[in-house]
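Asks: File run21.txt below, compact mmCIF, C-alpha atoms:
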```
# COMPACT_ATOMS: atom_id res chain seq x y z
CA MET F 1 54.68 -0.01 -14.40
CA ALA F 2 54.51 -2.97 -12.01
CA ILE F 3 53.76 -2.19 -8.38
CA ALA F 4 56.87 -1.72 -6.25
CA PRO F 5 57.42 -4.14 -3.35
CA TYR F 6 57.15 -1.32 -0.81
CA ALA F 7 53.80 -0.13 -2.17
CA SER F 8 52.49 -3.69 -2.25
CA TRP F 9 53.66 -4.28 1.31
CA MET F 10 52.11 -1.02 2.55
CA LEU F 11 48.70 -1.73 0.99
CA ALA F 12 48.75 -5.28 2.35
CA GLN F 13 49.40 -3.88 5.82
CA GLU F 14 46.43 -1.54 5.47
CA ALA F 15 44.14 -4.34 4.25
CA ARG F 16 45.21 -6.61 7.12
CA ALA F 17 44.48 -3.75 9.52
CA LEU F 18 40.93 -3.71 8.19
CA LEU F 19 40.63 -7.42 8.97
CA ALA F 20 41.93 -6.80 12.49
CA ARG F 21 39.36 -4.02 12.98
CA LEU F 22 36.61 -6.26 11.60
CA ALA F 23 37.51 -8.97 14.11
CA ARG F 24 36.74 -6.52 16.93
CA VAL F 25 33.14 -6.07 15.73
CA ARG F 26 31.46 -8.60 17.98
CA PRO F 27 27.79 -9.62 18.29
CA PHE F 28 25.75 -7.24 20.44
CA ALA F 29 24.63 -10.16 22.58
CA LEU F 30 28.23 -10.43 23.86
CA ILE F 31 28.95 -6.76 24.53
CA GLU F 32 25.78 -4.91 25.55
CA PRO F 33 24.78 -5.21 29.23
CA MET F 34 21.09 -4.81 29.99
CA VAL F 35 18.44 -6.30 32.22
CA PRO F 36 16.47 -9.06 30.45
CA ALA F 37 13.27 -6.98 30.34
CA ALA F 38 15.07 -4.25 28.36
CA ALA F 39 16.42 -6.63 25.72
CA LEU F 40 15.18 -6.73 22.16
CA LEU F 41 12.61 -9.36 21.35
CA PRO F 42 14.32 -12.50 19.95
CA GLN F 43 12.98 -11.94 16.43
CA ALA F 44 14.51 -8.46 16.30
CA GLN F 45 17.76 -9.51 17.99
CA SER F 46 18.29 -12.45 15.65
CA ALA F 47 17.40 -10.37 12.57
CA ILE F 48 19.94 -7.68 13.47
CA GLU F 49 22.67 -10.11 14.50
CA GLY F 50 22.11 -12.23 11.40
CA HIS F 51 22.28 -9.21 9.10
CA LEU F 52 25.49 -7.92 10.70
CA ALA F 53 27.11 -11.36 10.75
CA ALA F 54 26.43 -11.77 7.03
CA GLY F 55 27.89 -8.31 6.46
CA ARG F 56 31.03 -9.18 8.41
CA ARG F 57 31.51 -12.39 6.43
CA GLU F 58 31.04 -10.60 3.12
CA LEU F 59 33.41 -7.81 4.11
CA GLY F 60 36.05 -10.26 5.31
CA ALA F 61 35.83 -12.14 2.03
CA LEU F 62 36.31 -8.89 0.09
CA VAL F 63 39.43 -7.97 2.07
CA ARG F 64 40.93 -11.45 1.67
CA SER F 65 40.12 -11.37 -2.04
CA TYR F 66 41.94 -8.07 -2.32
CA LEU F 67 44.97 -9.47 -0.51
CA ALA F 68 45.00 -12.46 -2.88
CA TRP F 69 44.77 -10.14 -5.89
CA LEU F 70 47.54 -7.96 -4.49
CA ASP F 71 49.78 -10.98 -3.98
CA GLY F 72 49.29 -12.17 -7.54
CA ALA F 73 49.24 -8.80 -9.31
CA ALA F 74 52.63 -7.45 -8.28
CA SER F 75 54.11 -8.01 -11.72
CA SER F 76 51.24 -6.61 -13.79
CA ALA F 77 49.29 -3.96 -11.84
CA SER F 78 50.43 -0.45 -11.04
CA ALA F 79 50.59 1.10 -7.60
CA ALA F 80 47.84 3.51 -8.69
CA GLU F 81 45.53 0.63 -9.61
CA ALA F 82 46.25 -1.16 -6.34
CA GLN F 83 45.59 2.04 -4.38
CA ARG F 84 42.34 2.66 -6.30
CA ARG F 85 41.05 -0.80 -5.45
CA PHE F 86 42.01 -0.41 -1.82
CA THR F 87 40.33 3.00 -1.59
CA PHE F 88 37.00 1.56 -2.74
CA LEU F 89 37.45 -1.37 -0.37
CA ARG F 90 37.97 0.98 2.56
CA LEU F 91 34.90 3.02 1.60
CA ARG F 92 32.86 -0.18 1.60
CA PHE F 93 34.35 -1.10 4.97
CA ASN F 94 33.46 2.26 6.51
CA ALA F 95 29.92 2.04 5.16
CA ALA F 96 29.55 -1.36 6.83
CA LEU F 97 30.73 0.08 10.14
CA THR F 98 28.08 2.79 9.78
CA GLN F 99 25.47 0.03 9.89
CA PHE F 100 27.02 -1.34 13.08
CA ASP F 101 26.94 2.13 14.63
CA LEU F 102 23.29 2.56 13.63
CA PHE F 103 22.22 -0.57 15.48
CA ASN F 104 24.68 0.14 18.29
CA GLU F 105 22.87 3.42 19.02
CA VAL F 106 19.57 1.56 19.15
CA ILE F 107 20.79 -1.22 21.43
CA THR F 108 23.12 0.70 23.76
CA GLN F 109 20.19 2.68 25.18
CA ARG F 110 18.73 -0.57 26.46
CA SER F 111 21.29 -0.43 29.28
CA GLU F 112 19.97 2.96 30.51
CA ASN F 113 18.20 2.76 33.84
CA GLU F 114 14.41 2.73 33.38
CA ASN F 115 14.60 4.04 29.80
CA GLY F 116 15.87 0.68 28.58
CA VAL F 117 12.85 -1.18 29.94
CA TRP F 118 10.45 1.50 28.67
CA LEU F 119 11.95 1.19 25.19
CA SER F 120 11.30 -2.53 25.31
CA GLY F 121 7.71 -1.72 26.27
CA LEU F 122 7.45 0.66 23.31
CA ASP F 123 8.64 -2.17 21.05
CA VAL F 124 5.58 -4.11 22.20
CA VAL F 125 3.29 -1.12 21.57
CA ALA F 126 4.74 -0.67 18.07
CA ALA F 127 4.30 -4.34 17.22
CA ASP F 128 0.68 -4.20 18.37
CA ALA F 129 0.00 -1.03 16.35
CA LEU F 130 1.44 -2.68 13.23
CA ALA F 131 -0.42 -5.99 13.63
CA LEU F 132 -3.68 -6.31 11.66
CA ALA F 133 -6.23 -9.03 12.37
CA GLY F 134 -6.75 -9.88 8.71
CA GLY F 135 -3.31 -11.37 8.14
CA TYR F 136 -2.66 -9.01 5.24
CA TYR F 137 1.12 -9.11 5.63
CA THR F 138 3.97 -10.49 7.71
CA ALA F 139 5.03 -7.66 9.99
CA PRO F 140 8.76 -7.10 10.49
CA PRO F 141 10.26 -6.62 13.97
CA VAL F 142 10.15 -3.04 15.26
CA VAL F 143 12.72 -1.56 17.65
CA CYS F 144 12.65 1.89 19.25
CA TYR F 145 15.31 4.27 20.47
CA LEU F 146 15.41 7.80 21.90
CA ASP F 147 16.83 10.92 20.33
CA ARG F 148 16.71 14.68 20.67
CA GLY F 149 14.20 16.84 18.82
CA PRO F 150 10.39 17.14 18.85
CA GLY F 151 9.60 14.72 16.03
CA ALA F 152 9.86 10.98 15.51
CA ALA F 153 11.22 9.18 12.43
CA ILE F 154 11.44 5.66 11.03
CA ARG F 155 13.93 3.71 9.00
CA ARG F 156 11.58 1.16 7.51
CA ALA F 157 12.35 -2.53 7.32
CA ARG F 158 13.32 -3.89 3.91
CA THR F 159 14.73 -0.56 2.75
CA ARG F 160 18.35 -0.11 1.67
CA LEU F 161 20.89 0.64 4.40
CA PRO F 162 23.77 3.12 3.91
CA GLY F 163 26.30 0.31 3.68
CA GLY F 164 24.17 -1.81 1.37
CA GLY F 165 21.68 -4.57 1.97
CA GLU F 166 18.13 -4.43 3.32
CA ASN F 167 17.32 -3.22 6.80
CA PRO F 168 16.23 -6.35 8.74
CA VAL F 169 14.02 -4.44 11.23
CA ALA F 170 12.01 -1.24 11.40
CA ILE F 171 13.81 1.32 13.58
CA VAL F 172 11.71 4.06 15.16
CA ARG F 173 13.35 7.14 16.63
CA VAL F 174 11.28 8.48 19.52
CA PRO F 175 11.74 12.03 20.88
CA ARG F 176 13.07 12.05 24.43
CA GLU F 177 10.92 15.01 25.37
CA ARG F 178 7.78 12.89 24.89
CA MET F 179 8.80 10.23 27.44
CA VAL F 180 6.56 9.41 29.05
CA GLY F 181 2.92 10.37 28.32
CA SER F 182 0.11 9.28 26.02
CA GLY F 183 1.40 11.75 23.41
CA ILE F 184 4.28 9.40 22.70
CA ALA F 185 1.78 7.05 21.08
CA SER F 186 0.94 9.70 18.49
CA SER F 187 4.55 9.91 17.31
CA LEU F 188 5.24 6.18 17.61
CA VAL F 189 2.12 4.96 15.83
CA HIS F 190 2.48 7.61 13.10
CA GLU F 191 5.90 6.15 12.26
CA VAL F 192 4.53 2.61 12.48
CA GLY F 193 1.89 3.81 10.00
CA HIS F 194 4.64 4.53 7.48
CA GLN F 195 5.76 0.89 7.76
CA GLY F 196 2.20 -0.42 7.53
CA ALA F 197 1.46 1.77 4.52
CA ALA F 198 4.56 0.41 2.77
CA LEU F 199 3.54 -3.19 3.48
CA LEU F 200 0.08 -2.52 2.01
CA ASP F 201 1.41 -0.29 -0.80
CA LEU F 202 -1.15 2.33 0.24
CA VAL F 203 0.57 5.39 -1.20
CA ASN F 204 0.85 3.88 -4.68
CA SER F 205 -2.76 2.72 -4.56
CA LEU F 206 -3.96 6.22 -3.58
CA ARG F 207 -1.91 8.32 -6.00
CA PRO F 208 -3.98 7.53 -9.11
CA LEU F 209 -7.15 8.48 -7.23
CA LEU F 210 -5.63 11.78 -6.12
CA GLN F 211 -4.39 12.49 -9.63
CA ALA F 212 -7.89 11.90 -10.99
CA MET F 213 -9.16 14.65 -8.66
CA GLN F 214 -6.77 17.21 -10.12
CA HIS F 215 -9.16 19.08 -12.33
CA GLY F 216 -11.08 22.32 -12.31
CA GLY F 217 -10.36 25.26 -10.05
CA ASP F 218 -9.14 23.21 -7.06
CA ASP F 219 -6.48 21.16 -8.85
CA GLY F 220 -3.72 22.96 -6.90
CA ALA F 221 -5.13 21.67 -3.62
CA TRP F 222 -5.29 18.10 -4.93
CA ARG F 223 -1.71 18.31 -6.19
CA LEU F 224 -0.69 19.25 -2.65
CA TRP F 225 -2.71 16.37 -1.19
CA GLU F 226 -0.90 14.02 -3.54
CA ARG F 227 2.45 15.50 -2.52
CA TRP F 228 1.60 15.01 1.16
CA ILE F 229 -0.18 11.65 0.93
CA SER F 230 2.56 9.60 2.62
CA GLU F 231 2.36 11.68 5.81
CA ILE F 232 -1.44 11.87 5.60
CA VAL F 233 -1.73 8.08 5.47
CA ALA F 234 0.56 7.77 8.50
CA ASP F 235 -1.61 10.29 10.39
CA PHE F 236 -4.70 8.28 9.37
CA TRP F 237 -3.08 5.08 10.70
CA SER F 238 -2.28 6.78 14.00
CA LEU F 239 -5.86 8.05 14.38
CA ALA F 240 -7.27 4.63 13.55
CA ARG F 241 -5.12 2.89 16.18
CA VAL F 242 -5.05 5.37 19.10
CA GLY F 243 -7.95 7.72 18.43
CA VAL F 244 -7.91 11.28 19.72
CA THR F 245 -4.49 10.58 21.25
CA ALA F 246 -3.10 11.00 17.72
CA THR F 247 -4.56 14.48 17.21
CA LEU F 248 -3.61 15.79 20.65
CA GLY F 249 -0.09 14.42 20.21
CA LEU F 250 0.15 16.01 16.77
CA ILE F 251 -0.77 19.39 18.24
CA GLY F 252 2.07 18.94 20.72
CA VAL F 253 4.54 18.33 17.89
CA VAL F 254 3.51 21.10 15.47
CA SER F 255 2.82 23.85 18.00
CA LEU F 256 5.64 26.05 16.72
CA PRO F 257 6.17 29.77 16.27
CA ARG F 258 3.40 31.20 14.08
CA PRO F 259 5.47 31.61 10.86
CA PHE F 260 6.31 27.87 10.88
CA VAL F 261 2.71 26.81 11.52
CA PHE F 262 1.54 28.66 8.39
CA ARG F 263 4.56 27.91 6.19
CA LEU F 264 3.35 26.18 3.05
CA ASN F 265 6.23 24.52 1.23
CA ALA F 266 5.18 22.42 -1.75
CA ASP F 267 8.51 20.54 -1.61
CA ASP F 268 7.95 19.42 2.00
CA PRO F 269 6.32 15.97 2.26
CA HIS F 270 4.54 17.15 5.44
CA PRO F 271 1.34 19.19 5.15
CA VAL F 272 1.51 22.76 6.37
CA PRO F 273 1.04 22.33 10.17
CA TRP F 274 -2.11 24.48 10.42
CA ILE F 275 -3.85 22.37 7.79
CA ARG F 276 -2.41 19.12 9.13
CA VAL F 277 -4.13 19.53 12.51
CA LYS F 278 -7.42 20.51 10.86
CA LEU F 279 -7.15 17.45 8.60
CA SER F 280 -6.54 15.27 11.66
CA CYS F 281 -9.75 16.62 13.18
CA ALA F 282 -11.61 16.00 9.91
CA MET F 283 -10.36 12.41 9.71
CA GLY F 284 -11.23 11.89 13.38
CA ARG F 285 -14.71 13.25 12.76
CA GLU F 286 -15.16 10.76 9.90
CA LEU F 287 -13.82 7.76 11.83
CA TYR F 288 -15.28 8.62 15.24
CA PRO F 289 -18.31 10.96 15.04
CA HIS F 290 -18.15 12.98 18.25
CA ARG F 291 -18.39 16.62 19.32
CA GLN F 292 -14.82 16.57 20.64
CA TRP F 293 -13.41 17.18 17.16
CA ASP F 294 -15.18 20.53 16.84
CA ARG F 295 -13.87 21.54 20.25
CA ILE F 296 -10.29 20.57 19.39
CA GLU F 297 -10.48 22.33 16.01
CA ARG F 298 -11.74 25.54 17.64
CA LEU F 299 -8.93 25.28 20.18
CA TRP F 300 -6.35 25.00 17.38
CA GLU F 301 -7.81 27.99 15.56
CA SER F 302 -7.69 30.01 18.79
CA TYR F 303 -3.99 29.20 19.11
CA TYR F 304 -3.27 30.21 15.51
CA PRO F 305 -6.00 32.45 14.05
CA PRO F 306 -5.51 32.86 10.28
CA ALA F 307 -6.33 36.57 10.36
CA GLY F 308 -3.60 38.74 8.91
CA LEU F 309 -2.14 36.16 6.53
CA ALA F 310 -1.22 37.13 2.97
CA PRO F 311 -4.22 36.88 0.60
CA ALA F 312 -2.48 34.31 -1.63
CA LEU F 313 -1.78 32.03 1.35
CA LEU F 314 -5.33 32.45 2.65
CA ALA F 315 -6.63 31.41 -0.76
CA GLN F 316 -4.48 28.27 -0.73
CA LEU F 317 -5.58 27.34 2.78
CA SER F 318 -9.22 27.91 1.83
CA ALA F 319 -8.87 25.63 -1.21
CA LEU F 320 -7.34 22.94 0.94
CA GLN F 321 -10.14 23.19 3.48
CA ALA F 322 -12.77 23.10 0.75
CA SER F 323 -11.37 19.86 -0.70
CA MET F 324 -10.70 18.29 2.71
CA PRO F 325 -14.08 16.51 3.11
CA ALA F 326 -13.65 14.78 -0.26
CA LEU F 327 -10.11 13.70 0.69
CA VAL F 328 -11.31 12.28 3.99
CA ARG F 329 -14.10 10.32 2.30
CA LEU F 330 -11.63 8.97 -0.23
CA LEU F 331 -9.36 7.68 2.56
CA ALA F 332 -12.18 6.24 4.65
CA ARG F 333 -13.66 4.34 1.69
CA HIS F 334 -10.40 3.21 0.13
CA ARG F 335 -10.18 -0.54 -0.44
CA PRO F 336 -6.68 -1.30 -1.73
CA ALA F 337 -6.03 -4.68 -3.33
CA ALA F 338 -3.80 -5.71 -0.41
CA LEU F 339 -6.80 -5.58 1.96
CA ARG F 340 -8.79 -8.07 -0.14
CA GLY F 341 -12.04 -6.10 -0.10
CA SER F 342 -11.77 -4.47 3.34
CA SER F 343 -11.66 -0.71 3.75
CA LEU F 344 -8.87 0.98 5.70
CA PRO F 345 -11.08 1.66 8.76
CA GLN F 346 -12.23 -1.97 8.79
CA ALA F 347 -8.71 -3.36 8.54
CA LEU F 348 -7.42 -1.00 11.22
CA GLY F 349 -10.15 -1.88 13.72
CA VAL F 350 -11.70 1.58 14.06
CA ALA F 351 -14.95 0.18 15.51
CA ALA F 352 -13.13 -0.79 18.72
CA ARG F 353 -11.81 2.77 19.26
CA GLN F 354 -15.04 4.79 19.33
CA PRO F 355 -14.82 7.56 21.98
CA GLU F 356 -17.81 6.41 24.02
CA ARG F 357 -16.38 2.91 24.30
CA LEU F 358 -12.96 4.24 25.26
CA SER F 359 -14.49 6.38 27.99
CA ARG F 360 -16.44 3.41 29.34
CA LEU F 361 -13.30 1.29 29.36
CA PHE F 362 -11.43 3.91 31.35
CA GLY F 363 -14.18 3.91 33.98
CA LEU F 364 -14.14 0.11 34.09
CA TRP F 365 -10.36 0.02 34.40
CA GLN F 366 -10.50 2.50 37.26
CA ARG F 367 -12.52 -0.06 39.17
CA ALA F 368 -10.62 -3.12 37.88
CA PRO F 369 -7.07 -2.05 36.91
CA ALA F 370 -5.96 -5.62 36.16
CA ARG F 371 -8.07 -5.57 33.00
CA MET F 372 -6.07 -2.67 31.62
CA TYR F 373 -2.84 -4.64 31.92
CA ARG F 374 -4.37 -7.47 29.90
CA ALA F 375 -5.61 -5.24 27.08
CA ALA F 376 -3.81 -4.59 23.78
CA PRO F 377 -1.20 -1.82 24.26
CA SER F 378 -2.48 0.36 21.41
CA LEU F 379 -6.00 0.16 22.86
CA VAL F 380 -4.64 1.19 26.27
CA PHE F 381 -3.04 4.28 24.74
CA ALA F 382 -6.29 5.10 22.97
CA VAL F 383 -8.21 4.82 26.23
CA LEU F 384 -5.75 6.95 28.22
CA GLY F 385 -5.60 9.59 25.48
CA GLN F 386 -9.40 9.75 25.44
CA ALA F 387 -9.40 10.13 29.20
CA ARG F 388 -6.98 13.07 28.84
CA ALA F 389 -9.28 14.63 26.25
CA ASP F 390 -12.30 14.08 28.54
CA GLY F 391 -10.49 15.66 31.47
CA THR F 392 -10.72 12.52 33.62
CA LEU F 393 -6.97 11.79 33.66
CA GLU F 394 -4.39 14.39 34.63
CA PRO F 395 -0.78 14.48 33.36
CA GLU F 396 0.96 13.40 36.57
CA PRO F 397 -0.97 10.19 37.20
CA GLU F 398 -0.93 9.50 33.46
CA ALA F 399 2.88 9.59 33.38
CA ALA F 400 3.16 7.33 36.42
CA LEU F 401 0.61 4.89 35.01
CA LEU F 402 2.29 4.70 31.60
CA GLY F 403 5.65 4.06 33.23
CA ARG F 404 4.16 1.06 35.01
CA LEU F 405 2.43 -0.15 31.85
CA LEU F 406 5.57 0.05 29.71
CA THR F 407 7.46 -1.88 32.37
CA HIS F 408 4.69 -4.47 32.51
CA TRP F 409 4.61 -4.94 28.73
CA ALA F 410 8.40 -5.28 28.60
CA LEU F 411 8.44 -7.82 31.42
CA ARG F 412 5.48 -9.77 30.02
CA SER F 413 7.05 -10.05 26.58
CA THR F 414 10.31 -11.21 28.17
CA LEU F 415 8.63 -13.85 30.32
CA ASP F 416 6.37 -15.02 27.49
CA THR F 417 9.44 -15.45 25.30
CA ALA F 418 11.26 -17.35 28.03
CA VAL F 419 8.29 -19.71 28.46
CA LEU F 420 8.06 -20.26 24.70
CA CYS F 421 11.77 -20.95 24.40
CA GLY F 422 11.57 -23.34 27.34
CA ALA F 423 8.69 -25.21 25.75
CA LEU F 424 10.49 -25.49 22.42
CA THR F 425 13.64 -26.74 24.15
CA GLY F 426 11.61 -29.31 26.07
CA ARG F 427 9.92 -30.62 22.92
CA ARG F 428 13.26 -30.79 21.11
CA GLY F 429 14.79 -32.72 24.01
CA ALA F 430 11.88 -35.16 24.11
CA ALA F 431 12.14 -35.74 20.37
CA GLU F 432 15.85 -36.43 20.61
CA ALA F 433 15.35 -38.81 23.52
CA ALA F 434 12.73 -40.72 21.54
```
Kindly present the structure from the file in structure tokens form.

Replies:
Amino acid sequence: MAIAPYASWMLAQEARALLARLARVRPFALIEPMVPAAALLPQAQSAIEGHLAAGRRELGALVRSYLAWLDGAASSASAAEAQRRFTFLRLRFNAALTQFDLFNEVITQRSENENGVWLSGLDVVAADALALAGGYYTAPPVVCYLDRGPGAAIRRARTRLPGGGENPVAIVRVPRERMVGSGIASSLVHEVGHQGAALLDLVNSLRPLLQAMQHGGDDGAWRLWERWISEIVADFWSLARVGVTATLGLIGVVSLPRPFVFRLNADDPHPVPWIRVKLSCAMGRELYPHRQWDRIERLWESYYPPAGLAPALLAQLSALQASMPALVRLLARHRPAALRGSSLPQALGVAARQPERLSRLFGLWQRAPARMYRAAPSLVFAVLGQARADGTLEPEPEAALLGRLLTHWALRSTLDTAVLCGALTGRRGAAEAA
């Protein structure tokens, strides 16, 4: 049965309403007020705006195509067919708006007093933590936003978005309760590690090695290590970039009621928290030989002594601890193809984060603070976290100092960008005049 005029008219009205709603989705640069220092870096801003503009064009074309089909199908299509097509069109439309809302949540916070500038500073820290000196990959832009809850999360760049298409930037969710202290670097750089691991294909390069270890009486432990390897690699990245800051921050995140700390769930991609902290200490001991790791491990065991656990769980934890040294050596000596012969510690610049050097830098920066503001942000977090571990920096001055540093990094990146844009504009003008 051909579609009735009333049904055709009604569906056309609904489709035109979608176009009217789409026209109200404007570029963020026109609607979000923020101070310049809180703004996204141009690469991130243009990537997001370009992705959303392409989505708007594609969606508008789909709606207009539907209207054209509806206009020409009145004599052959049924009302049910026309409604079915419109229903799928509206679902696609709503999915596209979900993408807008995702980025809107990220960008709207940039207008918050103080937090907006600090988030811009965290963008700079994240970019520094993701950058490797060897030029092994082209790093995507990273943007940060705040949310409730104790843990951080990442939506990696180049992964599929809910409404379709690839995410143009890496989006890191940072827990509000960690603003602002050196512990925020642990969460932030862990999530950045997920992006770096994906760019280097680390998980896929490690899985065959972990599978080869699954033999004999400890194969259950190695199956768990394989299950958890994505989170382990991200923890390794965090340790390599910010040192003991990563382990102390991890303790802050996983210090939960005792049943949760010892809950071993093979379906969870995260290691059981009790083992995860001990593994962080073991990796730290491998990367940065120092007595502090024994002290931190004893502290963790005093918080959560394993006495009284069920025998089966104790056996699993013991097997994991027994295989831990071999796992740590495997990670420290891994040379994936993407690193062109370099090991993970070499590529991640571990030599520059040794505890003794970090402690010396903190003493030097106490006498010459200007040097700290010129240093790489991830190194600064490593130094301040080491100072916290050494007992030479207390929480209150640390928070005040990090607030100033985040503001400085945000302002510096803004001014550097302005100078670069000015220089490019000047060269373009000179070329046109010639």

Asks: Go through F:Leu40, F:Ala53, F:Leu70, F:Ile171 and flag the residue nearest F:Ala12, using all atoms listed in the file for the distances.

Replies: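 Comparing F:Leu40, F:Ala53, F:Leu70, F:Ile171 against F:Ala12, the winner is F:Leu70.
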
Asks: With distances taken over all atoms listed in the file, which of F:Ile107, F:Ala307, F:Val253, F:Leu119 is nearest to F:Ala152?

Replies: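 The answer is F:Val253, which sits nearest to F:Ala152.
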
Asks: Quick check, in Å to one decimal: how far apart do atom CA of F:Gly164 and atom CA of F:Thr138 lie?

Replies: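 Spanning atom CA of F:Gly164 to atom CA of F:Thr138 is a straight-line distance of 22.9 Å.
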
Asks: What is the atom CA of F:Arg57-atom CA of F:Gln45 distance in Å, reported with one decimal?

Replies: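 Computing the Euclidean distance for atom CA of F:Arg57 and atom CA of F:Gln45 yields 18.2 Å.
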
Asks: Please report the interatomic distance between atom CA of F:Tyr288 and atom CA of F:Glu398 in Å with one decimal.

Replies: 23.2 Å

Asks: Which of these, F:His190, F:Arg285, F:Lys278, F:Arg16, has the shortest distance to F:Glu297 once you count all atoms listed in the file?

Replies: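 For F:Glu297, the nearest of the given residues is F:Lys278.
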
Asks: Write out as a ChimeraX atom specification each polymer residue whose atoms come within 12 Å of F:Asp123, counting all atoms listed in the file; drop sequence neighbours fewer than 4 positions from it.

Replies: /F:37-44,106,110,116-119,127-130,140-145,169-174,185,188-189,192,377-378,406-407,409-411,413-414

Asks: Considering only C-alpha atoms, can you say which of F:Leu348, F:Asp147, F:Leu317, F:Ser323 comes closest to F:Gly193?

Replies: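 Checking each candidate against F:Gly193, we get F:Leu348 as the closest.
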
Asks: From the set F:Leu224, F:Leu22, F:Ala82, F:Ala240, which residue has the shortest atom-to-atom contact distance to F:Val272, counting all atoms listed in the file?

Replies: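 Among the listed residues, F:Leu224 lies closest to F:Val272.
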